[in-house]
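Undergrad: Structure file run.cif (mmCIF, C-alpha atoms) right here:
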data_upload
#
loop_
_atom_site.label_atom_id
_atom_site.label_comp_id
_atom_site.auth_asym_id
_atom_site.auth_seq_id
_atom_site.Cartn_x
_atom_site.Cartn_y
_atom_site.Cartn_z
CA MET N 1 0.00 0.00 0.00
CA PHE N 2 2.75 2.43 0.97
CA ILE N 3 5.07 3.70 -1.65
CA PRO N 4 8.35 4.55 0.01
CA GLN N 5 9.63 5.25 -3.48
CA SER N 6 13.25 6.33 -3.87
CA ILE N 7 13.28 9.55 -1.99
CA LEU N 8 17.01 9.57 -2.57
CA ARG N 9 17.49 9.26 -6.34
CA SER N 10 19.09 5.92 -7.24
CA SER N 11 19.63 5.34 -10.94
CA SER N 12 20.41 1.66 -10.43
CA LEU N 13 16.91 0.87 -9.27
CA ILE N 14 14.05 -0.06 -11.58
CA VAL N 15 10.73 1.23 -10.42
CA LEU N 16 7.23 0.67 -11.08
CA ILE N 17 3.95 2.33 -11.65
CA GLY N 18 1.52 4.32 -13.39
CA ALA N 19 0.79 2.46 -16.58
CA LEU N 20 2.91 4.79 -18.75
CA LEU N 21 2.40 7.66 -16.32
CA LEU N 22 2.69 10.21 -19.06
CA SER N 23 0.87 13.50 -19.44
CA ALA N 24 -1.34 15.13 -21.99
CA CYS N 25 0.35 16.93 -24.86
CA SER N 26 1.59 20.42 -24.17
CA LYS N 27 2.70 20.67 -27.78
CA SER N 28 0.07 20.88 -30.49
CA VAL N 29 0.41 18.01 -32.94
CA GLU N 30 -2.19 17.64 -35.65
CA PRO N 31 -3.05 13.97 -36.08
CA PRO N 32 -2.66 13.00 -39.72
CA SER N 33 -5.35 10.93 -41.36
CA VAL N 34 -5.53 7.35 -40.17
CA GLY N 35 -2.58 5.49 -41.69
CA SER N 36 -3.08 2.62 -44.06
CA THR N 37 -2.82 -0.96 -42.86
CA GLY N 38 0.51 -1.02 -44.68
CA SER N 39 2.05 1.69 -42.49
CA SER N 40 4.39 0.96 -39.61
CA PHE N 41 2.26 2.97 -37.21
CA ALA N 42 -0.94 1.17 -38.22
CA LEU N 43 0.78 -2.15 -37.55
CA LEU N 44 2.07 -0.82 -34.24
CA GLN N 45 -1.50 0.10 -33.35
CA THR N 46 -3.05 -3.26 -34.22
CA LYS N 47 -0.19 -5.57 -33.24
CA VAL N 48 0.97 -3.87 -30.04
CA PHE N 49 -1.27 -1.13 -28.64
CA ASP N 50 -4.59 -2.88 -29.28
CA VAL N 51 -3.22 -6.17 -27.91
CA SER N 52 -1.18 -5.05 -24.90
CA CYS N 53 -2.05 -1.47 -23.97
CA THR N 54 -5.60 -0.33 -24.59
CA GLN N 55 -7.06 -2.47 -21.80
CA CYS N 56 -5.99 0.41 -19.55
CA HIS N 57 -4.94 3.20 -21.89
CA ASN N 58 -8.22 3.92 -23.65
CA ASP N 59 -10.47 6.95 -24.11
CA ILE N 60 -12.68 6.03 -21.14
CA SER N 61 -10.07 5.30 -18.47
CA LYS N 62 -7.16 7.44 -19.67
CA ASN N 63 -7.56 9.83 -16.72
CA ILE N 64 -6.83 6.95 -14.36
CA TYR N 65 -3.75 5.91 -16.33
CA GLY N 66 -1.61 8.98 -16.81
CA ASN N 67 -4.03 10.83 -19.09
CA LEU N 68 -2.86 8.64 -21.96
CA SER N 69 -5.12 6.93 -24.46
CA LEU N 70 -3.60 4.55 -27.01
CA SER N 71 -6.85 4.00 -28.90
CA ASP N 72 -6.60 4.17 -32.68
CA THR N 73 -8.12 7.66 -32.75
CA ALA N 74 -5.91 9.15 -30.02
CA ALA N 75 -2.58 7.33 -29.81
CA TYR N 76 -0.56 9.26 -32.37
CA LYS N 77 -1.48 12.70 -31.08
CA MET N 78 -0.92 11.69 -27.46
CA LEU N 79 2.53 10.22 -28.15
CA ILE N 80 4.34 12.42 -30.67
CA GLY N 81 6.16 15.28 -28.97
CA ALA N 82 4.12 14.89 -25.77
CA PRO N 83 5.96 15.46 -22.47
CA PRO N 84 5.69 12.78 -19.78
CA THR N 85 3.87 13.46 -16.54
CA ASN N 86 6.79 11.70 -14.86
CA ALA N 87 8.91 14.52 -13.40
CA GLU N 88 12.18 12.63 -13.69
CA ALA N 89 11.71 11.87 -17.39
CA THR N 90 10.71 15.47 -18.03
CA LYS N 91 13.80 16.71 -16.21
CA LEU N 92 15.92 14.54 -18.52
CA GLY N 93 14.32 16.12 -21.58
CA MET N 94 12.30 13.11 -22.69
CA GLN N 95 9.03 13.06 -24.57
CA ARG N 96 6.65 10.15 -24.86
CA VAL N 97 7.95 9.80 -28.41
CA THR N 98 10.81 12.08 -29.40
CA VAL N 99 10.81 12.03 -33.19
CA GLY N 100 14.04 10.57 -34.53
CA HIS N 101 15.47 9.90 -31.06
CA PRO N 102 14.69 6.53 -29.45
CA GLU N 103 17.15 7.34 -26.67
CA LYS N 104 14.93 10.28 -25.62
CA SER N 105 11.59 8.52 -26.04
CA PHE N 106 10.03 7.61 -22.70
CA ILE N 107 7.81 4.94 -24.23
CA LEU N 108 10.86 2.77 -24.96
CA PHE N 109 12.11 3.09 -21.39
CA LYS N 110 8.71 2.08 -20.06
CA LEU N 111 8.39 -0.91 -22.37
CA SER N 112 11.95 -2.18 -21.88
CA GLY N 113 11.98 -1.69 -18.11
CA GLU N 114 15.26 0.27 -18.27
CA LEU N 115 14.03 2.77 -15.74
CA ASP N 116 15.55 5.10 -13.22
CA SER N 117 14.17 4.64 -9.73
CA LEU N 118 11.94 7.72 -10.09
CA MET N 119 10.47 6.83 -13.48
CA GLY N 120 7.51 4.72 -12.46
CA ASP N 121 6.54 1.22 -13.49
CA ALA N 122 7.54 -0.84 -16.49
CA MET N 123 4.81 -1.57 -19.00
CA PRO N 124 2.57 -3.39 -19.67
CA GLN N 125 1.93 -3.25 -15.97
CA HIS N 126 -0.53 -6.09 -15.52
CA GLY N 127 0.40 -8.21 -18.51
CA GLN N 128 3.10 -10.05 -20.36
CA SER N 129 6.13 -7.96 -21.33
CA LEU N 130 6.59 -7.14 -24.99
CA SER N 131 9.11 -9.29 -26.82
CA PRO N 132 12.49 -7.68 -27.61
CA ASN N 133 11.58 -7.85 -31.30
CA LYS N 134 8.42 -5.81 -30.84
CA ILE N 135 10.34 -3.22 -28.82
CA GLU N 136 12.93 -3.14 -31.62
CA PHE N 137 10.14 -2.45 -34.13
CA ILE N 138 9.08 0.59 -32.08
CA ARG N 139 12.70 1.74 -31.84
CA GLN N 140 13.12 1.53 -35.63
CA TRP N 141 9.86 3.43 -36.18
CA ILE N 142 10.94 6.26 -33.84
CA ALA N 143 14.45 6.41 -35.33
CA ALA N 144 12.93 6.77 -38.81
CA GLY N 145 10.94 9.82 -37.72
CA ALA N 146 7.85 8.16 -36.20
CA PRO N 147 5.65 8.81 -39.26
CA LYS N 148 1.93 8.12 -39.28
CA ASP N 149 2.10 6.80 -42.85
CA GLY N 150 4.67 4.71 -44.65
CA MET N 151 6.54 1.52 -43.85
CA VAL N 152 9.79 2.36 -42.05
CA ALA N 153 10.37 -0.59 -39.67
CA ASP N 154 10.99 -4.30 -40.22
CA THR N 155 7.53 -5.90 -40.18
CA ALA N 156 9.03 -9.34 -39.54
CA LEU N 157 9.78 -8.18 -35.98
CA LEU N 158 6.04 -8.12 -35.27
CA ASN N 159 5.67 -11.77 -36.24
CA ASP N 160 7.37 -12.67 -32.97
CA ALA N 161 4.44 -13.96 -30.92
CA SER N 162 6.57 -14.64 -27.86
CA SER N 163 5.91 -12.68 -24.72
CA ALA N 164 6.77 -13.34 -21.15
CA GLN N 165 6.46 -11.84 -17.74
CA ALA N 166 9.73 -10.12 -17.04
CA ALA N 167 12.09 -12.23 -14.98
CA LEU N 168 12.92 -10.95 -11.52
CA VAL N 169 16.59 -10.27 -10.84
CA PRO N 170 17.17 -10.84 -7.09
CA LEU N 171 18.55 -8.11 -4.88
CA THR N 172 22.06 -8.64 -3.57
CA PRO N 173 21.59 -9.55 0.12
CA PRO N 174 23.03 -7.26 2.82
CA PRO N 175 26.54 -8.20 4.02
CA ALA N 176 26.73 -10.58 6.96
CA GLY N 177 25.96 -8.80 10.22
CA GLN N 178 24.37 -5.83 8.44
CA GLY N 179 20.86 -7.14 7.89
CA PHE N 180 19.00 -9.95 6.16
CA GLN N 181 16.94 -10.75 3.08
CA LEU N 182 13.39 -12.11 2.80
CA HIS N 183 12.07 -13.80 -0.33
CA LEU N 184 8.42 -14.12 -1.25
CA ALA N 185 8.52 -17.13 -3.56
CA PRO N 186 6.66 -16.98 -6.89
CA PHE N 187 2.91 -17.53 -6.54
CA PRO N 188 0.36 -17.81 -9.37
CA ILE N 189 -2.45 -15.41 -10.18
CA SER N 190 -5.12 -16.93 -12.40
CA PRO N 191 -5.93 -15.31 -15.76
CA ALA N 192 -8.18 -12.24 -15.64
CA SER N 193 -8.21 -12.13 -11.85
CA GLU N 194 -6.45 -10.69 -8.82
CA ARG N 195 -4.96 -12.33 -5.76
CA GLU N 196 -3.74 -11.12 -2.37
CA ILE N 197 -1.73 -13.46 -0.16
CA PHE N 198 0.07 -13.56 3.19
CA SER N 199 3.22 -15.67 3.45
CA TYR N 200 4.65 -16.23 6.94
CA LYS N 201 8.39 -16.37 7.63
CA ASP N 202 10.00 -17.12 11.00
CA ALA N 203 12.28 -14.25 11.95
CA ASN N 204 14.67 -16.27 14.12
CA LEU N 205 15.91 -13.09 15.79
CA SER N 206 17.95 -13.71 18.94
CA GLN N 207 18.03 -10.03 19.91
CA VAL N 208 16.60 -6.67 18.87
CA GLN N 209 17.62 -5.60 15.37
CA TRP N 210 17.72 -1.89 14.52
CA VAL N 211 16.58 -1.22 10.97
CA LYS N 212 18.18 1.64 9.05
CA SER N 213 16.82 1.04 5.56
CA PHE N 214 14.64 -1.16 3.37
CA ASP N 215 14.93 -2.25 -0.24
CA ILE N 216 12.36 -4.16 -2.24
CA ARG N 217 12.33 -5.61 -5.73
CA MET N 218 9.25 -7.40 -7.05
CA ARG N 219 7.77 -8.61 -10.30
CA GLN N 220 5.86 -5.97 -12.22
CA GLY N 221 2.11 -5.72 -11.82
CA SER N 222 2.00 -5.43 -8.04
CA HIS N 223 -0.93 -3.57 -6.52
CA HIS N 224 0.98 -3.40 -3.24
CA PHE N 225 3.44 -5.20 -1.00
CA ILE N 226 3.49 -4.85 2.79
CA LEU N 227 5.91 -6.28 5.32
CA TRP N 228 4.21 -6.96 8.65
CA THR N 229 5.36 -8.55 11.88
CA LEU N 230 3.14 -11.34 13.24
CA ASP N 231 3.19 -13.64 16.25
CA GLY N 232 3.01 -16.93 14.38
CA ALA N 233 2.70 -19.08 17.49
CA GLN N 234 -0.24 -17.08 18.87
CA GLU N 235 -1.94 -16.86 15.47
CA GLY N 236 -1.47 -20.53 14.65
CA VAL N 237 0.56 -20.05 11.47
CA ASN N 238 3.81 -21.81 10.61
CA ASP N 239 6.93 -20.91 8.68
CA GLY N 240 6.14 -21.14 4.96
CA ASP N 241 2.35 -20.95 5.33
CA VAL N 242 0.68 -19.09 2.45
CA ARG N 243 -2.87 -17.83 3.07
CA ASP N 244 -5.17 -15.98 0.70
CA ARG N 245 -6.91 -12.82 1.85
CA SER N 246 -10.01 -13.39 3.97
CA ASP N 247 -11.85 -11.51 6.70
CA ASN N 248 -9.91 -13.54 9.26
CA GLU N 249 -6.59 -12.66 7.67
CA MET N 250 -7.39 -8.96 7.60
CA ASN N 251 -8.10 -8.97 11.35
CA ARG N 252 -5.05 -10.70 12.84
CA GLN N 253 -4.60 -9.17 16.30
CA THR N 254 -0.81 -9.45 16.48
CA ARG N 255 -0.04 -8.01 13.04
CA SER N 256 1.94 -4.75 12.96
CA TYR N 257 2.94 -2.65 9.95
CA VAL N 258 6.66 -2.36 9.12
CA PHE N 259 7.20 -1.32 5.50
CA GLY N 260 5.47 -1.35 2.13
CA ALA N 261 5.70 -0.51 -1.56
CA GLN N 262 3.76 -0.31 -4.81
CA THR N 263 6.73 0.11 -7.14
CA GLN N 264 8.84 -2.68 -8.60
CA ASP N 265 11.97 -1.26 -6.97
CA ALA N 266 11.77 0.86 -3.85
CA HIS N 267 14.28 2.05 -1.28
CA TYR N 268 13.99 4.03 1.92
CA THR N 269 16.63 5.05 4.45
CA PHE N 270 15.70 6.57 7.81
CA PRO N 271 17.19 9.95 8.80
CA ASP N 272 20.49 9.99 10.68
CA GLY N 273 20.13 8.71 14.21
CA VAL N 274 16.70 7.13 13.61
CA GLY N 275 16.18 3.36 13.74
CA LEU N 276 13.25 0.96 13.77
CA PRO N 277 13.44 -1.90 16.32
CA LEU N 278 12.52 -5.46 15.37
CA SER N 279 12.16 -7.57 18.51
CA PRO N 280 12.53 -11.34 18.98
CA GLY N 281 9.36 -13.36 19.36
CA LYS N 282 7.59 -12.37 16.17
CA GLY N 283 7.96 -13.46 12.58
CA PHE N 284 7.23 -11.69 9.32
CA ASP N 285 4.06 -11.75 7.24
CA LEU N 286 4.80 -10.94 3.59
CA ASN N 287 1.61 -9.49 2.11
CA SER N 288 1.41 -9.21 -1.67
CA HIS N 289 -1.46 -8.17 -3.97
CA TYR N 290 -1.34 -8.61 -7.75
CA VAL N 291 -3.78 -7.99 -10.58
CA ASN N 292 -3.57 -10.15 -13.72
CA THR N 293 -5.41 -8.61 -16.67
CA THR N 294 -4.13 -11.19 -19.17
CA ASN N 295 -5.58 -14.49 -20.34
CA GLU N 296 -2.50 -16.36 -19.18
CA PRO N 297 -1.18 -17.36 -15.74
CA TYR N 298 0.87 -14.67 -14.03
CA TYR N 299 3.22 -14.79 -11.05
CA GLY N 300 3.96 -12.52 -8.13
CA GLU N 301 7.32 -12.51 -6.35
CA ALA N 302 9.44 -10.19 -4.19
CA TYR N 303 12.82 -9.80 -2.53
CA ILE N 304 13.12 -7.57 0.55
CA ASN N 305 16.40 -6.42 2.08
CA VAL N 306 16.31 -5.26 5.70
CA VAL N 307 19.50 -3.31 6.48
CA THR N 308 20.45 -2.88 10.13
CA VAL N 309 22.83 -0.79 12.25
CA PRO N 310 24.23 -1.17 15.79
CA GLU N 311 22.07 0.12 18.62
CA THR N 312 24.75 2.73 19.36
CA ALA N 313 23.86 4.44 16.05
CA VAL N 314 20.24 5.00 17.14
CA GLN N 315 19.16 8.07 19.10
CA HIS N 316 15.49 8.11 18.08
CA ILE N 317 13.08 5.18 17.75
CA ALA N 318 11.04 5.13 14.54
CA THR N 319 7.36 4.24 14.84
CA PRO N 320 5.60 3.12 11.64
CA PHE N 321 1.92 3.83 11.16
CA LEU N 322 -0.69 2.76 8.62
CA GLN N 323 -4.17 4.07 9.36
CA GLY N 324 -7.23 3.34 7.24
CA ASP N 325 -10.54 5.16 7.11
CA PHE N 326 -12.99 2.29 6.81
CA TYR N 327 -16.19 4.27 7.17
CA SER N 328 -18.76 1.79 5.89
CA GLY N 329 -21.27 4.41 4.86
CA PHE N 330 -18.98 6.12 2.39
CA VAL N 331 -20.00 5.62 -1.24
CA ILE N 332 -18.84 6.98 -4.59
CA PRO N 333 -22.04 6.97 -6.67
CA ALA N 334 -22.15 5.59 -10.18
CA HIS N 335 -21.08 8.28 -12.66
CA GLY N 336 -20.56 10.62 -9.73
CA SER N 337 -17.97 11.89 -7.29
CA ASN N 338 -17.42 12.37 -3.58
CA THR N 339 -14.87 13.95 -1.25
CA ARG N 340 -14.16 12.19 2.01
CA LYS N 341 -13.20 14.61 4.83
CA PHE N 342 -11.59 12.86 7.75
CA TYR N 343 -9.82 13.70 11.03
CA TRP N 344 -7.15 11.15 11.97
CA PRO N 345 -6.42 10.29 15.63
CA ALA N 346 -4.77 13.02 17.69
CA PHE N 347 -1.14 12.68 18.77
CA THR N 348 -0.74 12.24 22.52
CA ASP N 349 2.97 13.13 22.79
CA THR N 350 5.38 15.57 21.19
CA THR N 351 6.02 13.95 17.81
CA HIS N 352 8.42 14.37 14.89
CA LEU N 353 6.65 13.21 11.72
CA PHE N 354 9.39 12.47 9.16
CA LEU N 355 7.65 10.57 6.39
CA LEU N 356 4.10 10.73 5.06
CA SER N 357 2.39 8.97 2.16
CA THR N 358 -1.09 7.79 1.19
CA HIS N 359 -2.83 4.86 -0.45
CA THR N 360 -6.00 4.73 -2.50
CA HIS N 361 -7.26 2.86 -5.54
CA ALA N 362 -7.94 3.92 -9.11
CA ARG N 363 -10.85 6.33 -8.54
CA MET N 364 -8.93 8.83 -6.42
CA THR N 365 -8.40 12.20 -8.12
CA ASN N 366 -7.00 14.33 -5.30
CA PHE N 367 -5.61 13.64 -1.82
CA ASN N 368 -4.72 16.56 0.48
CA VAL N 369 -3.42 16.18 4.03
CA TYR N 370 -3.42 19.05 6.52
CA VAL N 371 -2.19 19.61 10.07
CA ALA N 372 -5.01 20.55 12.40
CA ARG N 373 -3.35 22.19 15.40
CA LYS N 374 -5.10 21.96 18.75
CA GLY N 375 -7.02 25.16 19.40
CA VAL N 376 -6.27 26.60 15.93
CA THR N 377 -9.04 26.97 13.35
CA THR N 378 -6.89 27.30 10.23
CA LYS N 379 -5.43 24.06 8.86
CA GLU N 380 -1.95 23.83 7.32
CA LEU N 381 -1.65 21.96 4.01
CA ILE N 382 1.41 19.69 4.13
CA TYR N 383 0.75 17.04 1.46
CA HIS N 384 -0.84 16.85 -1.97
CA ASN N 385 -1.19 13.86 -4.26
CA ALA N 386 -3.13 13.37 -7.49
CA ASP N 387 -1.62 10.06 -8.60
CA TRP N 388 -3.34 7.01 -7.15
CA HIS N 389 -0.81 4.55 -8.51
CA GLU N 390 2.41 6.37 -7.63
CA PRO N 391 1.49 8.48 -4.61
CA ALA N 392 3.83 11.16 -3.43
CA THR N 393 6.09 10.32 -0.51
CA LEU N 394 6.90 13.34 1.63
CA GLN N 395 10.12 13.69 3.62
CA LEU N 396 9.83 16.21 6.41
CA ASP N 397 10.56 16.91 10.06
CA LEU N 398 7.22 18.21 11.26
CA LEU N 399 6.86 18.92 14.96
CA LEU N 400 3.43 17.96 16.29
CA MET N 401 2.26 18.72 19.80
CA PRO N 402 -0.20 16.75 21.97
CA GLY N 403 -3.70 17.22 20.62
CA ASP N 404 -2.53 18.02 17.06
CA ARG N 405 -3.87 15.73 14.36
CA LEU N 406 -3.83 15.13 10.63
CA TYR N 407 -6.88 16.00 8.58
CA SER N 408 -7.43 14.79 5.02
CA GLU N 409 -9.71 15.56 2.11
CA THR N 410 -9.76 12.79 -0.49
CA SER N 411 -11.72 13.20 -3.73
CA TYR N 412 -12.94 10.35 -5.93
CA THR N 413 -14.66 10.11 -9.31
CA ASN N 414 -16.60 7.03 -10.36
CA ASP N 415 -17.07 6.49 -14.12
CA THR N 416 -18.67 3.05 -13.74
CA ASP N 417 -22.33 2.05 -13.77
CA HIS N 418 -22.32 0.95 -10.12
CA ASP N 419 -21.60 2.48 -6.72
CA ILE N 420 -18.11 1.97 -5.31
CA HIS N 421 -17.46 1.41 -1.59
CA PHE N 422 -14.38 0.97 0.53
CA GLY N 423 -12.86 -2.49 0.27
CA TYR N 424 -9.75 -4.57 -0.33
CA THR N 425 -9.98 -5.45 -4.03
CA SER N 426 -8.66 -3.27 -6.84
CA GLN N 427 -12.28 -2.54 -7.80
CA ASP N 428 -13.07 -1.10 -4.36
CA GLU N 429 -11.67 2.10 -2.85
CA MET N 430 -9.49 3.01 0.12
CA ASN N 431 -8.48 6.05 2.13
CA VAL N 432 -5.19 5.43 3.94
CA VAL N 433 -2.41 7.56 5.45
CA LEU N 434 0.91 6.05 6.45
CA GLY N 435 4.48 6.86 7.31
CA TYR N 436 6.91 7.08 10.23
CA PHE N 437 7.50 9.33 13.24
CA TRP N 438 9.59 9.45 16.39
CA GLN N 439 8.68 10.84 19.82
#
Represent the structure contained in this file as structure tokens.
TA:
Amino acid sequence: MFIPQSILRSSSLIVLIGALLLSACSKSVEPPSVGSTGSSFALLQTKVFDVSCTQCHNDISKNIYGNLSLSDTAAYKMLIGAPPTNAEATKLGMQRVTVGHPEKSFILFKLSGELDSLMGDAMPQHGQSLSPNKIEFIRQWIAAGAPKDGMVADTALLNDASSAQAALVPLTPPPAGQGFQLHLAPFPISPASEREIFSYKDANLSQVQWVKSFDIRMRQGSHHFILWTLDGAQEGVNDGDVRDRSDNEMNRQTRSYVFGAQTQDAHYTFPDGVGLPLSPGKGFDLNSHYVNTTNEPYYGEAYINVVTVPETAVQHIATPFLQGDFYSGFVIPAHGSNTRKFYWPAFTDTTHLFLLSTHTHARMTNFNVYVARKGVTTKELIYHNADWHEPATLQLDLLLMPGDRLYSETSYTNDTDHDIHFGYTSQDEMNVVLGYFWQ
């Protein structure tokens, strides 16, 4: 649920999210007439976009997926010369398609997975990766000027019917004595479905471990990953047990939040002098949620590195929090909208809030978080997010006094024919704040 995305830029990491999180055109490009079936772009449309992309990137749901439609009437205009919404790609001077320059075309980075840690998710997000030959066809088309008409790329490349879910390259484990690695083994997700599991691992900790940083790498297509602690003995679960989501699983009394991610590659390091204690007596529950939009089996998997430091390096104890607003009466009406206004629990001690993020599902359009000071009428805006799939992660050192609380206003738009309520599936909605503080 939580996206502790690379707050420190790390070009070696490959991230996730956003289903080509690219923006609307800021440059006017007149769409030429629809190309003939003998043009490279027309083949790209029918052999690639229509097969692998328009399930999400279409005229109806484009606002949910980076304001990008790859339908046959919109794709060319929304690609050629259009700047990405992704800030990192924009900073590097990329466009969705930079005519004549594959090396500056963000679409190729998204399809190949060769992404900086701030560039979002590889694409297709919930499907089989494009074959290298199909990606090469797109590269040739862009290098030849990305024309709407005319054959400029090797059509034989599109005859490659092979596709595969991208293999997961494991993280290098932390050095001995400096942490440990957890592995969520591959698990299947049936075609055209979603699956959320909990996999229990004994911790085997002989003494308190002080966490300094987390790294995660997982197969693309993840809706979220969360690392929890859990008392396996009290809960009656054993090392290696894999359980699917159920009401019972969602209400385990000894489960505590530790860390989470939505991106394929995520990293977070606590501020100097801050550490998170992991105590003996509890194990780890690895919670993973995937959506498979394809007609083939799909697999989830993750590697998590937990990096530790000596107790002498810790002056402040980090406390993680993940709080959900599960108000049962909240509804987003069919073809309507709603804004949920919510006061979160008040802080009871002097608190330093040093990381804040949010989690929702696909119908969120705007998430603002404010500080509501005790005895003060005016609220202070501290956080804004408009991207449900790659929510902003805010680093700060915000001093909160007893009685202060967070207040949020979360807006949703529902373009379906049915009401949407809060729930755990990707078709439901959520309203969650999360992060870390020390007191």
Undergrad: When the PyMOL selection byres ((chain N and resi 365) around 7) is applied to the structure above, which residues does it catch, written out as a ChimeraX atom specification?
TA: /N:363-364,366,386,411-413
Undergrad: Looking at all atoms listed in the file, which of N:Gln439, N:Gln315, N:Gln253, N:Asn292 is the one that sits closest to Thr350 of chain N?
TA: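 For Thr350 of chain N, the nearest of the candidates is N:Gln439.
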Undergrad: What are the closest atom pairs, with distances in Å to one decimal, for all residues of segment 112-228 of chain N lying within 8 Å of segment 255-276 of chain N? Consider all atoms listed in the file, order rows by chain and residue number, and present the result as a Markdown table.
TA:
| residue | atom | partner | partner_atom | distance |
| --- | --- | --- | --- | --- |
| N:Ser117 | CA | N:Asp265 | CA | 6.9 |
| N:Gly120 | CA | N:Thr263 | CA | 7.1 |
| N:Asp121 | CA | N:Thr263 | CA | 6.4 |
| N:Trp210 | CA | N:Leu276 | CA | 5.4 |
| N:Val211 | CA | N:Leu276 | CA | 4.9 |
| N:Lys212 | CA | N:Gly275 | CA | 5.4 |
| N:Ser213 | CA | N:Thr269 | CA | 4.2 |
| N:Phe214 | CA | N:Tyr268 | CA | 5.4 |
| N:Asp215 | CA | N:His267 | CA | 4.5 |
| N:Ile216 | CA | N:Ala266 | CA | 5.3 |
| N:Arg217 | CA | N:Asp265 | CA | 4.5 |
| N:Met218 | CA | N:Gln264 | CA | 5.0 |
| N:Arg219 | CA | N:Gln264 | CA | 6.3 |
| N:Gln220 | CA | N:Gln264 | CA | 5.7 |
| N:Ser222 | CA | N:Gln262 | CA | 6.3 |
| N:His223 | CA | N:Gln262 | CA | 6.0 |
| N:His224 | CA | N:Gln262 | CA | 4.4 |
| N:Phe225 | CA | N:Ala261 | CA | 5.2 |
| N:Ile226 | CA | N:Gly260 | CA | 4.1 |
| N:Leu227 | CA | N:Phe259 | CA | 5.1 |
| N:Trp228 | CA | N:Tyr257 | CA | 4.7 |
Undergrad: Produce a file of the selected residues containing C-alpha atoms, as a CSV table (one decimal), in the coordinates of the input.
TA:
chain,number,residue,atom,x,y,z
N,117,SER,CA,14.2,4.6,-9.7
N,120,GLY,CA,7.5,4.7,-12.5
N,121,ASP,CA,6.5,1.2,-13.5
N,210,TRP,CA,17.7,-1.9,14.5
N,211,VAL,CA,16.6,-1.2,11.0
N,212,LYS,CA,18.2,1.6,9.0
N,213,SER,CA,16.8,1.0,5.6
N,214,PHE,CA,14.6,-1.2,3.4
N,215,ASP,CA,14.9,-2.2,-0.2
N,216,ILE,CA,12.4,-4.2,-2.2
N,217,ARG,CA,12.3,-5.6,-5.7
N,218,MET,CA,9.2,-7.4,-7.0
N,219,ARG,CA,7.8,-8.6,-10.3
N,220,GLN,CA,5.9,-6.0,-12.2
N,222,SER,CA,2.0,-5.4,-8.0
N,223,HIS,CA,-0.9,-3.6,-6.5
N,224,HIS,CA,1.0,-3.4,-3.2
N,225,PHE,CA,3.4,-5.2,-1.0
N,226,ILE,CA,3.5,-4.8,2.8
N,227,LEU,CA,5.9,-6.3,5.3
N,228,TRP,CA,4.2,-7.0,8.6
Undergrad: Go ahead and compute the interatomic distance for atom CA of Ala74 of chain N and atom CA of Leu115 of chain N, in Å to one decimal.
TA: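 We find that atom CA of Ala74 of chain N and atom CA of Leu115 of chain N lie 25.3 Å from each other.
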Undergrad: Within 7 Å of segment 193-204 of chain N, counting all atoms listed in the file, which residues qualify if same-chain residues fewer than 4 places away don't, as a PyMOL selection string?
TA: chain N and resi 189+238-245+282-293
Undergrad: Can you turn the PyMOL selection byres ((chain N and resi 305) around 8) into a concrete residue list for this file, as a PyMOL selection string?
TA: chain N and resi 171+173-174+179-182+214-216+303-304+306-307
Undergrad: For atom CA of Gly329 of chain N and atom CA of Tyr343 of chain N, quote the distance in Å rounded to one decimal.
TA: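 Distance between the two atoms: 16.0 Å.
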Undergrad: Assuming the chain letters and numbering stay as they are in my file, what does the PyMOL selection byres ((chain N and resi 132) around 9) actually select? List them as a PyMOL selection string.
TA: chain N and resi 112+129-131+133-137+157+160+163
Undergrad: Near Met119 of chain N, counting only C-alpha atoms, which residues have an atom at most 7 Å away, once you skip same-chain residues fewer than 3 positions from it, shown as a PyMOL selection string?
TA: chain N and resi 15+86+88-89+115-116
Undergrad: Would you list the contacts of segment 151-156 of chain N as a list of chain:residue names, taking every protein, DNA or RNA residue within 10 Å and counting all atoms listed in the file, but skipping same-chain residues closer than 4 positions in sequence?
TA: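 Listed by chain and then number, they are N:Ser36, N:Thr37, N:Gly38, N:Ser39, N:Ser40, N:Phe41, N:Ala42, N:Leu43, N:Leu44, N:Asn133, N:Lys134, N:Glu136, N:Phe137, N:Ile138, N:Arg139, N:Gln140, N:Trp141, N:Ile142, N:Ala143, N:Ala144, N:Gly145, N:Ala146, N:Pro147, N:Asp160.
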Undergrad: Around the point (-11.9, 10.0, -3.2), in the coordinates given by the file, pick out the residues reaching within 12 Å, counting all atoms listed in the file, and return them as an NGL selection string.
TA: :N and (325 or 330-333 or 336-342 or 358-368 or 385-388 or 408-414 or 420-422 or 428-432)
Undergrad: Please, can segment 384-388 of chain N be completed to N, CA and C atoms and returned as a JSON list (two decimals), in the coordinates of the input?
TA:
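Result file is rebuild18.json:
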[["chain", "number", "residue", "atom", "x", "y", "z"],
["N", 384, "HIS", "N", 0.11, 16.92, -0.86],
["N", 384, "HIS", "CA", -0.84, 16.85, -1.97],
["N", 384, "HIS", "C", -0.45, 15.71, -2.89],
["N", 385, "ASN", "N", -1.44, 14.94, -3.32],
["N", 385, "ASN", "CA", -1.19, 13.86, -4.26],
["N", 385, "ASN", "C", -2.38, 13.73, -5.20],
["N", 386, "ALA", "N", -2.08, 13.57, -6.50],
["N", 386, "ALA", "CA", -3.13, 13.37, -7.49],
["N", 386, "ALA", "C", -2.88, 12.10, -8.31],
["N", 387, "ASP", "N", -1.99, 11.26, -7.86],
["N", 387, "ASP", "CA", -1.62, 10.06, -8.60],
["N", 387, "ASP", "C", -1.88, 8.85, -7.73],
["N", 388, "TRP", "N", -2.96, 8.13, -8.00],
["N", 388, "TRP", "CA", -3.34, 7.01, -7.15],
["N", 388, "TRP", "C", -2.30, 5.89, -7.19]]
